[in-house]
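Student: The structure's right below; bear with me while I get my questions together.
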Amino acid sequence: MKNKQWRGWEADEQAEQHYLVQPRHLAGGGNLQHVAAFLHASGWRDKSQPERLLLESPDRSIRIAYDPHVLPGGWVIQGTASAHQDEWWATLGQQTPVEIIAGLTDALTQPRSAHAPNVWAPLREQGWHAPKDADHVTAVSADGTAWVRYQQSKPGEAVWLAGSTDEHGNGWTAQMATSTPMHLVEAFSTALASPDPVMRPLGRVPHSSRIQTTSVSVLPSQLRAWQLARITAARAATWARNSVRGPRPRAANPPAHAGSARARR
């Protein structure tokens with residue numbers, strides 16, 4: 001296990017031990033506020049109850065819920081139908097890392113890219129491969145612990161599937177309707193395939209020989225600063241979007257008598 005020490009310690013703070021975990025898809029669930037605080041800062045309505053997360057988009061077309069007390073438990077994302085979009089949904093297990101969840105949910109607050117979405121491109125870029133014996137279009141991570149599949153049982157019946165599992169069988173699964181906007185599925189696959197490690201506190205790192213950890217000492221103020229930076233970015237982006245969409249100030253019209261007054265001069 002590697003050891004690393006963050007700079008910028010302050011004398012009045014006690015550093016806490018955390019771990020950088022790779023691959024991220026085996027890191028476990030994480031702090032729900034990584035998802036919720038960003039959405040709230042982006043103008044989403046927070047209708048959460050004790051031990052149950054519930055957020056609603058500003059236009060009330062999308063709801064995101066997390067409930068650990070129902071089977072199978074985990075995340076449920078639902079989008080209503082509109083003139084240009086069919087109803088869609090996504091379900092993700094409790095142990096899906098919040099950083100991967102955020103890949104999808106952050107994209108809900110951002111304008112769509114002009115390029116055509118490609119779910120498989122981020123996976124190929126990180127060395128994922130297609131098994132030769134797969135019955136459906138599938139991509140598997142280089143270490144074999146994560147996968148994404150487009151499964152079509154018969155014409156008109158298909159679903160996006162994804163998941164991860166370690167040598168003990170611990171992990172998570174996700175499902176997304178084929179009506180789920182493709183740019184959201186691409187955002188999910190991008191976050192899933194990212195080689196960047198994720199941070200977990202002491203005692204929250206899964207026991208698996210498939211993961212690599214780097215021990216780091218982190219100050220509480222550093223954690224707060226990183227969280228605040230993410231929230232500040234969400235607020236700034238929301239303000240910018242609302243400013244563009246807002247009504248433009250009307251040009252002041254001259255008084256009705258101004259023209260006649262000039263004519264009399």
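Chain labels A, B, ... are given in the sequence in which chains occur in the structure tokens; within each chain residues are numbered consecutively from 1, and ligands are likewise numbered from 1 in the order shown.
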Quick one: which region 159-241 of chain A residues come within 12 Å of region 51-72 of chain A, and what is the nearest atom pair for each with the distance in Å to one decimal, counting only C-alpha atoms, rows ordered by chain and ascending number, as JSON lines?
Tutor:
```
{"residue": "A:Trp172", "atom": "CA", "partner": "A:Pro72", "partner_atom": "CA", "distance": 10.7}
{"residue": "A:Thr173", "atom": "CA", "partner": "A:Pro72", "partner_atom": "CA", "distance": 10.6}
{"residue": "A:Ala174", "atom": "CA", "partner": "A:Pro72", "partner_atom": "CA", "distance": 11.4}
{"residue": "A:Thr180", "atom": "CA", "partner": "A:Ile62", "partner_atom": "CA", "distance": 11.7}
{"residue": "A:Thr238", "atom": "CA", "partner": "A:Pro58", "partner_atom": "CA", "distance": 11.1}
```
Student: Under the rule of at most 7 Å, produce a per-residue listing of region 26-138 of chain A near region 196-218 of chain A: chain, number, name, the closest pair of atoms, and the distance in Å, as JSON lines, using only C-alpha atoms.
Tutor:
```
{"residue": "A:Leu26", "atom": "CA", "partner": "A:Ile211", "partner_atom": "CA", "distance": 6.9}
{"residue": "A:Ala27", "atom": "CA", "partner": "A:Pro206", "partner_atom": "CA", "distance": 6.4}
{"residue": "A:Gly28", "atom": "CA", "partner": "A:Pro206", "partner_atom": "CA", "distance": 6.7}
{"residue": "A:Gly30", "atom": "CA", "partner": "A:Arg200", "partner_atom": "CA", "distance": 6.9}
```
Student: List the spatial neighbours of Ala234 (chain A) as a PDB file with N, CA, C and O atoms, in the first residue's frame - criterion: any atom at most 10 Å away, only C-alpha atoms, same-chain residues fewer than 6 positions off excluded.
Tutor:
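File produced: selection-v3.pdb:
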```
ATOM      1  N   ALA A  37     -26.032  17.275  -3.193  1.00  0.00           N
ATOM      2  CA  ALA A  37     -25.652  18.680  -3.014  1.00  0.00           C
ATOM      3  C   ALA A  37     -25.459  19.381  -4.360  1.00  0.00           C
ATOM      4  O   ALA A  37     -25.814  20.547  -4.518  1.00  0.00           O
ATOM      5  N   PHE A  38     -24.918  18.660  -5.339  1.00  0.00           N
ATOM      6  CA  PHE A  38     -24.721  19.241  -6.670  1.00  0.00           C
ATOM      7  C   PHE A  38     -26.071  19.557  -7.316  1.00  0.00           C
ATOM      8  O   PHE A  38     -26.260  20.630  -7.901  1.00  0.00           O
ATOM      9  N   LEU A  39     -27.020  18.621  -7.221  1.00  0.00           N
ATOM     10  CA  LEU A  39     -28.331  18.852  -7.812  1.00  0.00           C
ATOM     11  C   LEU A  39     -29.057  19.994  -7.111  1.00  0.00           C
ATOM     12  O   LEU A  39     -29.704  20.831  -7.758  1.00  0.00           O
ATOM     13  N   HIS A  40     -28.970  20.035  -5.792  1.00  0.00           N
ATOM     14  CA  HIS A  40     -29.628  21.103  -5.048  1.00  0.00           C
ATOM     15  C   HIS A  40     -29.048  22.458  -5.439  1.00  0.00           C
ATOM     16  O   HIS A  40     -29.774  23.439  -5.616  1.00  0.00           O
ATOM     17  N   ALA A  41     -27.721  22.516  -5.605  1.00  0.00           N
ATOM     18  CA  ALA A  41     -27.076  23.761  -6.031  1.00  0.00           C
ATOM     19  C   ALA A  41     -27.430  24.118  -7.466  1.00  0.00           C
ATOM     20  O   ALA A  41     -27.297  25.276  -7.874  1.00  0.00           O
ATOM     21  N   SER A  42     -27.900  23.129  -8.226  1.00  0.00           N
ATOM     22  CA  SER A  42     -28.296  23.360  -9.618  1.00  0.00           C
ATOM     23  C   SER A  42     -29.768  23.712  -9.745  1.00  0.00           C
ATOM     24  O   SER A  42     -30.302  23.765 -10.857  1.00  0.00           O
ATOM     25  N   GLY A  43     -30.420  23.943  -8.616  1.00  0.00           N
ATOM     26  CA  GLY A  43     -31.810  24.394  -8.641  1.00  0.00           C
ATOM     27  C   GLY A  43     -32.850  23.305  -8.492  1.00  0.00           C
ATOM     28  O   GLY A  43     -34.048  23.568  -8.665  1.00  0.00           O
ATOM     29  N   ASP A 106     -25.235  14.534 -12.964  1.00  0.00           N
ATOM     30  CA  ASP A 106     -24.683  15.843 -13.316  1.00  0.00           C
ATOM     31  C   ASP A 106     -25.084  16.222 -14.739  1.00  0.00           C
ATOM     32  O   ASP A 106     -25.366  17.391 -15.033  1.00  0.00           O
ATOM     33  N   THR A 109     -28.169  18.272 -15.555  1.00  0.00           N
ATOM     34  CA  THR A 109     -28.185  19.715 -15.309  1.00  0.00           C
ATOM     35  C   THR A 109     -27.453  20.494 -16.388  1.00  0.00           C
ATOM     36  O   THR A 109     -27.390  21.721 -16.316  1.00  0.00           O
ATOM     37  N   GLN A 110     -26.896  19.802 -17.372  1.00  0.00           N
ATOM     38  CA  GLN A 110     -26.033  20.439 -18.356  1.00  0.00           C
ATOM     39  C   GLN A 110     -26.649  20.369 -19.754  1.00  0.00           C
ATOM     40  O   GLN A 110     -27.382  19.419 -20.063  1.00  0.00           O
ATOM     41  N   LEU A 228     -17.115  22.182  -1.518  1.00  0.00           N
ATOM     42  CA  LEU A 228     -17.613  23.517  -1.840  1.00  0.00           C
ATOM     43  C   LEU A 228     -17.299  23.890  -3.282  1.00  0.00           C
ATOM     44  O   LEU A 228     -18.100  24.541  -3.953  1.00  0.00           O
ATOM     45  N   ALA A 240     -25.482  31.035 -14.843  1.00  0.00           N
ATOM     46  CA  ALA A 240     -25.189  31.378 -16.233  1.00  0.00           C
ATOM     47  C   ALA A 240     -26.334  30.964 -17.152  1.00  0.00           C
ATOM     48  O   ALA A 240     -26.735  31.722 -18.049  1.00  0.00           O
TER      49      ALA A 240
END
```
Student: Would you work out the distance separating CA of Glu157 (chain A) from CA of Ala90 (chain A), expressed in Å to one decimal?
Tutor: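 CA of Ala90 (chain A) lies at a distance of 15.5 Å from CA of Glu157 (chain A).
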Student: Set the distance at 7 Å and use only C-alpha atoms: which residues neighbour region 123-139 of chain A once local chain neighbours fewer than 6 positions away are removed? I'd like the list as a PyMOL selection string.
Tutor: chain A and resi 147-151+189+193
Student: Have a look at A:Gly163, A:Pro181, A:Gly74, A:Pro97 and name the one nearest to Arg24 (chain A); count only C-alpha atoms.
Tutor: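 Counting only C-alpha atoms, the residue closest to Arg24 (chain A) is A:Pro97.
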Student: Kindly indicate which residue among A:Lys47, A:His34, A:His25, A:His183 lies nearest to Ala229 (chain A), using only C-alpha atoms for the distances.
Tutor: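 Closest candidate: A:His34.
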Student: Within 8 Å of Leu219 (chain A), counting only C-alpha atoms, which residues show up once you throw out same-chain ones fewer than 5 positions away? Write them as a ChimeraX atom specification, please.
Tutor: /A:9,13-16
Student: Grab the CA of Ala177 (chain A) to CA of Ala142 (chain A) distance for me, in Å with one decimal place.
Tutor: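 CA of Ala177 (chain A) sits 25.8 Å away from CA of Ala142 (chain A).
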Student: When DSSP is applied to the backbone of this structure, which of region 17-188 of chain A are assigned alpha helix (DSSP H)? Write them out as a VMD selection string.
Tutor: chain A and resid 33 to 41 98 to 107 121 to 125 182 to 188
Student: Enumerate, as a ChimeraX atom specification, the complete set of residues in region 170-247 of chain A that a backbone-based DSSP assignment places in strand (DSSP E or B).
Tutor: /A:171-177,198-201,212-218
Student: Which of these residues is nearest to Asn118 (chain A), using only C-alpha atoms: A:Thr145, A:Ala187, A:Glu87, A:Ala158?
Tutor: A:Ala187
Student: Please report the interatomic distance between CA of Met176 (chain A) and CA of Val159 (chain A) in Å with one decimal.
Tutor: 6.0 Å
Student: With only C-alpha atoms as the basis for distance, which of A:Ser179, A:Asn31, A:Ser243, A:Gln78 is at the shortest distance from Gln94 (chain A)?
Tutor: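 Nearest to Gln94 (chain A): A:Asn31.
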